[in-house]
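A short write-up of the structure that comes next.
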Amino acid sequence: MKIIKPKTKLTLLLLSSLTMMSNVAIVTMLPQLGAIFQDIENIELLSRLMITLPSLAIAIFAPVLGHFVYKFGKKQSAIVALIVFSLFGTAGFYLDTIYEILISRFFFGISIAILMIVNTSLIGDYFKNEARHRFMGLQSAFISIGGIVFIMGGGYLSDINWRYPFLIYSLGVVVLIFVLRYLQKYSNNIENQEDDEHLLDHNLWYIYLLAFCLMLVFYILPTQMPFLIINVFEASGTLTGSIIATAFIFNAIGALSFAKLKKHFEFSRIYLIGMAIIAIGFILIGNVADVHYFFVTSSIMGFGGGILMANITTWMLSVAHQTKRIKSSGYLTSALFIGQFFSPIISHPFVKYFGIKDFFIVYGVLLLAIIVLFSIKEINKKR
């Protein structure tokens with residue numbers, strides 16, 4: 001088994017920090033766009049698409065980009081993706097129209113897709129079994145740390161000027177330096193054929209479906225919460241960023257708890273546990289009367305999300321055949337970001353009908369009821 005250098009592990013973790021939650025850097029400035037682009041029709045929906053359009057690009061291109069990564073190599077693909085990440089991520093700082101910015105967000109999404117495929121497949125290559133469980137928890141924790149940096153920085157900068165949060169994406173240049181210096185090239189000849197925890201599989205549709213549902217639910221936090229906190233409770237961008245950053249702190253704690261949970265529960269049971277925690281968080285969010293209680297409710301949401309993200313990626317890697325890891329990582333990435341893209345689209349009509357506070361209660365109760373039904377079904381199957 002090839003020994004992975006600490007700086008290579010750090011590089012993988014830094015790549016992780018740029019991926020899943022990088023969209024949230026601009027989330028606290030979204031409510032401002034209604035005033036800045038007030039003459040644009042449907043600006044409220046377009047502002048939410050600033051977050052989810054990259055997710056659409058990822059969902060469309062991730063399976064195809066898996067072939068690109070396989071052909072050009074993982075390190076070379078990561079280098080190209082980081083250049084695109086930095087270039088198009090910062091584009092909102094200098095582009096003028098909402099439509100130009102939306103187009104730049106689409107290309108920004110393509111870079112994230114490549115980074116996620118490279119990162120996930122390399123983890124599958126380098127780590128096995130218990131070591132993989134531990135590293136996936138650590139990876140999900142770093143994703144959360146990245147979310148904290150993005151949301152806190154974006155919240156502070158959005159109070160100064162709505163364009164400034166886009167500059168956070170220049171962090172891609174810093175990670176590029178690490179990739180150039182420390183990312184080890186992986187050879188398919190490395191002996192890692194001992195993935196014996198599960199029978200290796202080629203048909204992972206059920207994991208992709210669960211990944212889609214995960215993001216459909218969890219991404220309500222960054223796409224709807226700022227509108228509740230800023231528009232209803234009149235909080236500043238900095239306070240809003242702090243609240244959502246708290247969710248990411250507990251996201252990291254949840255991710256680090258995954259390895260211990262996996263010793264006692266199977267993947268499907270951990271999925272239900274994580275979803276139940278999020279459902280409870282939703283219900284509590286809808287009952288908040290003082291803005292500072294959002295620090296508590298966001299913590300609950302974040303903890304559940306951290307467990308789920310570590311669980312779903314490790315689940316995929318544990319059953320995907322080693323020769324199909326790039327392809328499987330591409331499809332998992334696509335499923336996660338299809339969920340991100342459709343999250344505000346599906347939730348927006350419910351928000352308009354129920355109002356944003358009652359929406360969280362209704363969504364939480366509905367989700368909890370579905371989890372109870374599946375839990376009862378699972379218990380009956382084992383009898």
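If you're wondering about the labels, chains in the structure tokens are A, B, ... by order shown, residues count from 1 in each chain, ligands from 1 in order shown.
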### Message
With only C-alpha atoms as the counted atoms, please give the residues lying no more than 12 Å from segment 152-158 of chain A, apart from itself and same-chain residues fewer than 2 positions off, as a PyMOL selection string.
### Response
chain A and resi 22-33+93+144-150+160-169+171+226+230+235-249
### Query
If you count only C-alpha atoms, which residues fall within 8 Å of Leu53 of chain A, apart from same-chain ones fewer than 3 positions away, as a ChimeraX atom specification?
/A:49-50,56-57,102,105-106,109,341
### Task
Within segment 26-204 of chain A, find each residue whose DSSP state, derived from the backbone, is alpha helix (DSSP H), and express the selection as a PyMOL selection string.
chain A and resi 30-36+43-72+74-89+98-126+129-160+171-182
### Spatial neighbours of Lys9 of chain A, max dist 10 Å, only C-alpha atoms, sep filter under 6 positions, as a PyMOL selection string
chain A and resi 15+123+126+135+139+182-184
Pull C-alpha atoms from the residues just selected and write them as an mmCIF file, in the first residue's frame.
```cif
data_model
loop_
_atom_site.group_PDB
_atom_site.id
_atom_site.type_symbol
_atom_site.label_atom_id
_atom_site.label_comp_id
_atom_site.auth_asym_id
_atom_site.auth_seq_id
_atom_site.Cartn_x
_atom_site.Cartn_y
_atom_site.Cartn_z
ATOM 1 C CA LEU A 15 -9.521 20.772 -2.502
ATOM 2 C CA ILE A 123 -9.692 9.299 -1.758
ATOM 3 C CA TYR A 126 -5.563 6.161 -1.459
ATOM 4 C CA PHE A 135 -10.643 10.383 6.135
ATOM 5 C CA GLN A 139 -12.919 15.578 4.386
ATOM 6 C CA TYR A 182 2.152 18.260 -3.312
ATOM 7 C CA LEU A 183 -0.556 16.308 -5.171
ATOM 8 C CA GLN A 184 0.856 12.851 -5.833
#
```
### Query
Could you state the separation of atom CA of Ile51 of chain A and atom CA of Ile36 of chain A in Å, given to one decimal place?
17.0 Å
